[in-house]
Amino acid sequence: MEEKGKVLRLVTCGKTDKGLVRKENEDHFCIEKDLGLLAVADGMGGHASGEVASKMAIDNLREYFKEKKELPIDAHDPRYSEITNRISSGVKVANQAIYEASRSRSHWNGMGTTLSAVLVSENRLSIAHVGDSRIYLIRGGVIEQITDDHTIVFEQVARGLMTREEAARSEMRNILSRALGIAPEVDVDIEELTVSKGDKLVICSDGLSELVSDNEMLSEVQSSKSPEKVCDELVNLANQRGGEDNITVIVAFLHGESLVFRLLKVLGWRRR
Amino acid sequence: MTKIILKFKDKVLKEIPVEKELITIGRKPDNDIEIDNLAVSGHHARIFKMEDWFLIEDLSSLNGTFVNGKMIRESPLKNGDEILIGKHILKFISTDVATSAEPEAVLKKGEASETMVIDSKVQQEMLAQISKDRSLTSSGEVMGRFTVLEGGTDQKEYDLTERMTSIGKEHSAKIRLKGFFAPKFAAFVNRNKEGYFISAASGKELRVNGEVVSGKHRLQDGDIIQVGGIKMHFYLKQ
């Protein structure tokens, strides 16, 4: 029972890098420690509109949480907690904003973005995800991708029409089956997980995951206690291998309450 | 004048004048328009003339034929219509045929070779068709369940509803092991659209049907799992 209200401390860092080939960086990310919100967006579209789309995704999601807007009544999915519904709504609101913007100016037409976001609230992790950016959970010495890539090739792998090896080689692997800003409505993948101290998260754009394998990420994450150092190492690794795309990564370590904090709580309890 | 422009990722591959009353499209070389791609059936579709009109007919292909984003079995073609077969687009250009509606672009693109997104409606229909015969664990229709056969756990049965289910003593583990010597984490089950995958925590031994497995193992209906001092039966339920 005493586990329920347990507060986890988020130690986190994010980094985005243009890579070595692209002229612009169309990725954006945010870390809102007070809210427990972490998100990565990877934009696409001509005339630098991808950058607009990914920035709008992050800004709208962040604002949605900061302003604590009411949930639209029909948006509530009873299978998930209030907070998970909120993050999902935040992604949908961002989608609408980008979609409307893309129709407002001709050179923004067709712009879109991925958006992978987590919210750490007490010991629960809420996930909202659209596109091919990825969220990984590192636990017990194992790395698990906890999002599905919304790409045509992955949908084919999932249906047994293609093997993972074929998918990794396919020239179609960059084609998204879902993205923000393309249609007035978007289907958002949502998940909830219980997390505990010692868990680690990696959120990244495909500029990292295309060039650095899951197991390489695992060993980098385990090699240092500093998320900042892990971010640097991962970005360097992707650039050493060509840096073909923009590289964005957020690394977060979940720590238990600090000793001081726990002591204060015990003292407070004694006094009552 | 009637012609078909064959495109892939907005790159024009070919322009094919339509001089016959029947044009066949498919992966096999005996087609008039050969598209060498696994998403295309051997004999996928045909375009034929009927009075003044051209019609397209899907020949019971696996992945379907789409005209302007709609899946069709048979459909008349207008000037500017875009036919999606696998990942290829065939644009129908005809000055002979009456034309009215503006065709909607099927593929929205970024710069060449960049990430693109396929129109979601087209995609939904395409995937719905694909999954007709091959439905597995898509969107929770089939749910995995563990029944504990041996060992100390807090429940006897566990539905694998979450994206990731951990097995261990730690409080974030859904399958909670009991006992002083139970490991913090013994193994993890990851559910994605392909199915359920189990992997052992670092340094832990995982047996599936008596055999030690390393890396990720795709769980099959009926598998017997041994890890962290417990034995469980995995099965899929509707």
# chains A, B, ... in the order shown; residues from 1 in each chain; ligands from 1
>>> residues_around(residues="A:Arg169", least_positions_apart="4", cutoff="12 Å", atoms="only C-alpha atoms", output="ChimeraX atom specification")
/A:153-154,162-165,173-174,210
>>> select_by_dssp(residues="stretch 50-256 of chain A", states="helix (DSSP H, G or I)", output="VMD selection string")
chain A and resid 50 to 66 73 to 75 82 to 104 106 to 108 152 to 158 164 to 169 206 to 209 214 to 223 227 to 240
>>> residues_around(residues="B:Ala186", least_positions_apart="5", cutoff="7 Å", atoms="only C-alpha atoms", output="list in words")
Ile167, Gly168, Ala200, Ala201, Lys204, Val227 and Gly228 of chain B
>>> write_last_selection(atoms="C-alpha atoms", output="tab-separated table (two decimals), in the first residue's frame")
chain	number	residue	atom	x	y	z
B	167	ILE	CA	7.83	-10.89	-13.71
B	168	GLY	CA	9.67	-10.33	-10.42
B	200	ALA	CA	14.86	-13.01	-19.45
B	201	ALA	CA	16.20	-10.29	-17.19
B	204	LYS	CA	18.37	-15.01	-15.39
B	227	VAL	CA	11.78	-18.54	-14.92
B	228	GLY	CA	12.55	-17.12	-11.46
>>> select_by_dssp(residues="stretch 27-125 of chain A", states="strand (DSSP E)", output="ChimeraX atom specification")
/A:27-32,37-44,112-113,115-121,124-125
>>> residues_around(residues="stretch 126-131 of chain A", least_positions_apart="6", cutoff="8 Å", atoms="only C-alpha atoms", output="PyMOL selection string")
chain A and resi 83-84+87-88+91+113-120+147+149-151+176-180+187-193
>>> write_last_selection(atoms="C-alpha atoms", output="PDB file, in the first residue's frame")
ATOM      1  CA  ILE A  83      -3.666  11.479 -16.703  1.00  0.00           C
ATOM      2  CA  THR A  84      -3.227   9.034 -19.583  1.00  0.00           C
ATOM      3  CA  ILE A  87      -1.674  13.025 -22.655  1.00  0.00           C
ATOM      4  CA  SER A  88      -3.642  11.364 -25.422  1.00  0.00           C
ATOM      5  CA  VAL A  91      -1.483  14.722 -28.808  1.00  0.00           C
ATOM      6  CA  THR A 113       5.382  14.964 -37.584  1.00  0.00           C
ATOM      7  CA  THR A 114       5.827  12.036 -35.275  1.00  0.00           C
ATOM      8  CA  LEU A 115       5.188  12.550 -31.574  1.00  0.00           C
ATOM      9  CA  SER A 116       6.235  10.174 -28.819  1.00  0.00           C
ATOM     10  CA  ALA A 117       5.490  11.369 -25.308  1.00  0.00           C
ATOM     11  CA  VAL A 118       5.613   9.996 -21.791  1.00  0.00           C
ATOM     12  CA  LEU A 119       4.305  11.349 -18.552  1.00  0.00           C
ATOM     13  CA  VAL A 120       5.712  10.105 -15.275  1.00  0.00           C
ATOM     14  CA  THR A 147       6.033   1.580 -28.864  1.00  0.00           C
ATOM     15  CA  ASP A 149       6.687   1.894 -35.326  1.00  0.00           C
ATOM     16  CA  HIS A 150       3.857   3.286 -37.397  1.00  0.00           C
ATOM     17  CA  THR A 151       5.475   2.453 -40.685  1.00  0.00           C
ATOM     18  CA  LEU A 176       4.821   6.293 -42.067  1.00  0.00           C
ATOM     19  CA  SER A 177       1.409   4.742 -41.748  1.00  0.00           C
ATOM     20  CA  ARG A 178       0.426   7.372 -39.180  1.00  0.00           C
ATOM     21  CA  ALA A 179       1.589  10.906 -38.404  1.00  0.00           C
ATOM     22  CA  LEU A 180       0.341  14.111 -36.842  1.00  0.00           C
ATOM     23  CA  ASP A 187      -5.356   7.456 -33.946  1.00  0.00           C
ATOM     24  CA  VAL A 188      -3.019   7.700 -30.930  1.00  0.00           C
ATOM     25  CA  ASP A 189      -1.440   4.609 -29.365  1.00  0.00           C
ATOM     26  CA  ILE A 190      -1.766   4.872 -25.613  1.00  0.00           C
ATOM     27  CA  GLU A 191      -0.251   2.703 -22.923  1.00  0.00           C
ATOM     28  CA  GLU A 192       0.113   2.681 -19.166  1.00  0.00           C
ATOM     29  CA  LEU A 193       2.813   1.003 -17.152  1.00  0.00           C
TER      30      LEU A 193
END
>>> interface_residues(of="chain A", to="chain B", cutoff="8 Å", atoms="only C-alpha atoms", output="count of residues only")
33
>>> residues_around(residues="A:Glu26", least_positions_apart="6", cutoff="7 Å", atoms="only C-alpha atoms", output="list of chain:residue names")
A:Asp42, A:Gly43, A:Gly50, A:Glu51, A:Ser54, A:Asn246
>>> residues_around(residues="A:Tyr64", least_positions_apart="4", cutoff="9 Å", atoms="only C-alpha atoms", output="JSON, numbers by chain")
{"A": [59, 60, 68, 69, 86, 87, 89, 90, 91, 93, 94]}
>>> closest_residue(among="A:Ile152, A:Ile143, A:Val52, A:Leu61", to="A:Val221", atoms="only C-alpha atoms")
A:Ile143
>>> closest_residue(among="A:Glu228, A:Glu244, A:Asp206, A:Asp214", to="A:Asp132", atoms="only C-alpha atoms")
A:Asp206
>>> closest_residue(among="B:Lys156, B:Pro17, B:Val148, B:Phe8", to="B:Leu84", atoms="only C-alpha atoms")
B:Phe8
>>> residues_around(residues="B:Glu57", least_positions_apart="6", cutoff="10 Å", atoms="only C-alpha atoms", output="list in words")
Thr24, His44, Ala45, Arg46, Ile47, Phe48, Thr65, Ile72, Arg73, Glu74, Ser75 and Pro76 of chain B
>>> write_last_selection(atoms="N, CA and C atoms", output="mmCIF file, in the first residue's frame")
data_model
loop_
_atom_site.group_PDB
_atom_site.id
_atom_site.type_symbol
_atom_site.label_atom_id
_atom_site.label_comp_id
_atom_site.auth_asym_id
_atom_site.auth_seq_id
_atom_site.Cartn_x
_atom_site.Cartn_y
_atom_site.Cartn_z
ATOM 1 N N THR B 24 -3.174 -5.556 -68.594
ATOM 2 C CA THR B 24 -3.081 -6.307 -67.336
ATOM 3 C C THR B 24 -1.923 -5.755 -66.501
ATOM 4 N N HIS B 44 -2.627 -8.857 -60.710
ATOM 5 C CA HIS B 44 -3.217 -8.034 -59.656
ATOM 6 C C HIS B 44 -4.527 -7.366 -60.099
ATOM 7 N N ALA B 45 -4.486 -6.771 -61.269
ATOM 8 C CA ALA B 45 -5.653 -6.014 -61.727
ATOM 9 C C ALA B 45 -5.599 -5.885 -63.238
ATOM 10 N N ARG B 46 -6.730 -5.460 -63.840
ATOM 11 C CA ARG B 46 -6.703 -5.180 -65.272
ATOM 12 C C ARG B 46 -7.541 -3.954 -65.572
ATOM 13 N N ILE B 47 -7.145 -3.285 -66.638
ATOM 14 C CA ILE B 47 -7.893 -2.115 -67.103
ATOM 15 C C ILE B 47 -8.444 -2.474 -68.482
ATOM 16 N N PHE B 48 -9.723 -2.302 -68.668
ATOM 17 C CA PHE B 48 -10.293 -2.667 -69.967
ATOM 18 C C PHE B 48 -11.302 -1.619 -70.434
ATOM 19 N N THR B 65 -6.781 -3.188 -54.610
ATOM 20 C CA THR B 65 -6.561 -2.116 -55.575
ATOM 21 C C THR B 65 -7.389 -0.928 -55.111
ATOM 22 N N ILE B 72 -11.409 -0.818 -54.349
ATOM 23 C CA ILE B 72 -12.434 -1.132 -55.349
ATOM 24 C C ILE B 72 -12.326 -2.584 -55.780
ATOM 25 N N ARG B 73 -13.413 -3.111 -56.320
ATOM 26 C CA ARG B 73 -13.349 -4.386 -57.021
ATOM 27 C C ARG B 73 -13.376 -4.073 -58.511
ATOM 28 N N GLU B 74 -14.271 -3.168 -58.842
ATOM 29 C CA GLU B 74 -14.341 -2.698 -60.213
ATOM 30 C C GLU B 74 -14.770 -1.240 -60.183
ATOM 31 N N SER B 75 -14.161 -0.437 -61.014
ATOM 32 C CA SER B 75 -14.505 0.987 -60.975
ATOM 33 C C SER B 75 -14.191 1.637 -62.319
ATOM 34 N N PRO B 76 -15.053 2.554 -62.765
ATOM 35 C CA PRO B 76 -14.730 3.307 -63.976
ATOM 36 C C PRO B 76 -13.608 4.299 -63.673
#
>>> atom_distance(atom1="atom CA of B:Ile93", atom2="atom CA of B:Leu77")
9.2 Å
>>> closest_residue(among="B:Asn63, B:Asn209, B:Thr2, B:Gln226", to="B:Phe92", atoms="only C-alpha atoms")
B:Thr2
>>> atom_distance(atom1="atom CA of B:Gln155", atom2="atom CA of B:His217")
23.7 Å
>>> atom_distance(atom1="atom CA of B:Tyr158", atom2="atom CA of B:Ile230")
13.4 Å
>>> decode(residues="stretch 119-146 of chain A", atoms="N, CA and C atoms", output="short mmCIF file (atom, residue, chain, number, x, y, z; two decimals), in the first residue's frame")
data_model
loop_
_atom_site.label_atom_id
_atom_site.label_comp_id
_atom_site.auth_asym_id
_atom_site.auth_seq_id
_atom_site.Cartn_x
_atom_site.Cartn_y
_atom_site.Cartn_z
N LEU A 119 4.56 10.55 -19.73
CA LEU A 119 4.30 11.35 -18.55
C LEU A 119 4.54 10.46 -17.35
N VAL A 120 5.45 10.88 -16.48
CA VAL A 120 5.71 10.11 -15.28
C VAL A 120 4.95 10.76 -14.15
N SER A 121 4.02 10.00 -13.57
CA SER A 121 3.19 10.54 -12.51
C SER A 121 3.17 9.52 -11.38
N GLU A 122 3.78 9.90 -10.25
CA GLU A 122 3.99 8.96 -9.16
C GLU A 122 4.68 7.71 -9.72
N ASN A 123 4.06 6.54 -9.57
CA ASN A 123 4.76 5.36 -10.10
C ASN A 123 4.11 4.84 -11.37
N ARG A 124 3.38 5.71 -12.07
CA ARG A 124 2.78 5.29 -13.33
C ARG A 124 3.41 6.04 -14.48
N LEU A 125 3.52 5.33 -15.58
CA LEU A 125 4.04 5.92 -16.80
C LEU A 125 2.93 5.89 -17.83
N SER A 126 2.58 7.07 -18.35
CA SER A 126 1.59 7.15 -19.43
C SER A 126 2.32 7.42 -20.73
N ILE A 127 1.88 6.74 -21.78
CA ILE A 127 2.55 6.87 -23.06
C ILE A 127 1.53 7.25 -24.14
N ALA A 128 1.88 8.22 -24.97
CA ALA A 128 1.08 8.52 -26.16
C ALA A 128 2.04 8.58 -27.32
N HIS A 129 1.66 7.93 -28.43
CA HIS A 129 2.64 7.74 -29.48
C HIS A 129 1.98 7.68 -30.86
N VAL A 130 2.59 8.44 -31.79
CA VAL A 130 2.19 8.37 -33.21
C VAL A 130 3.47 8.50 -34.04
N GLY A 131 3.69 7.58 -34.95
CA GLY A 131 4.83 7.69 -35.85
C GLY A 131 5.94 6.70 -35.57
N ASP A 132 7.15 7.02 -36.04
CA ASP A 132 8.23 6.04 -35.90
C ASP A 132 9.36 6.49 -34.98
N SER A 133 9.10 7.52 -34.17
CA SER A 133 10.04 7.76 -33.07
C SER A 133 9.79 6.64 -32.06
N ARG A 134 10.73 6.42 -31.16
CA ARG A 134 10.59 5.24 -30.30
C ARG A 134 10.74 5.57 -28.82
N ILE A 135 10.07 4.76 -28.01
CA ILE A 135 10.25 4.83 -26.56
C ILE A 135 10.73 3.46 -26.09
N TYR A 136 11.81 3.47 -25.34
CA TYR A 136 12.35 2.23 -24.78
C TYR A 136 12.30 2.28 -23.26
N LEU A 137 12.04 1.14 -22.66
CA LEU A 137 12.15 0.99 -21.21
C LEU A 137 13.31 0.04 -20.93
N ILE A 138 14.21 0.48 -20.06
CA ILE A 138 15.34 -0.36 -19.66
C ILE A 138 15.11 -0.79 -18.23
N ARG A 139 15.04 -2.09 -18.03
CA ARG A 139 14.68 -2.63 -16.72
C ARG A 139 15.31 -4.02 -16.59
N GLY A 140 15.88 -4.27 -15.43
CA GLY A 140 16.45 -5.61 -15.19
C GLY A 140 17.50 -6.02 -16.21
N GLY A 141 18.24 -5.03 -16.71
CA GLY A 141 19.31 -5.35 -17.67
C GLY A 141 18.81 -5.67 -19.06
N VAL A 142 17.53 -5.35 -19.33
CA VAL A 142 16.95 -5.64 -20.64
C VAL A 142 16.36 -4.35 -21.21
N ILE A 143 16.49 -4.19 -22.52
CA ILE A 143 15.86 -3.04 -23.18
C ILE A 143 14.65 -3.52 -23.97
N GLU A 144 13.52 -2.86 -23.77
CA GLU A 144 12.31 -3.22 -24.49
C GLU A 144 11.75 -1.98 -25.17
N GLN A 145 11.49 -2.09 -26.46
CA GLN A 145 10.80 -1.01 -27.16
C GLN A 145 9.32 -1.10 -26.79
N ILE A 146 8.78 -0.02 -26.22
CA ILE A 146 7.40 -0.10 -25.75
C ILE A 146 6.45 0.70 -26.64
#
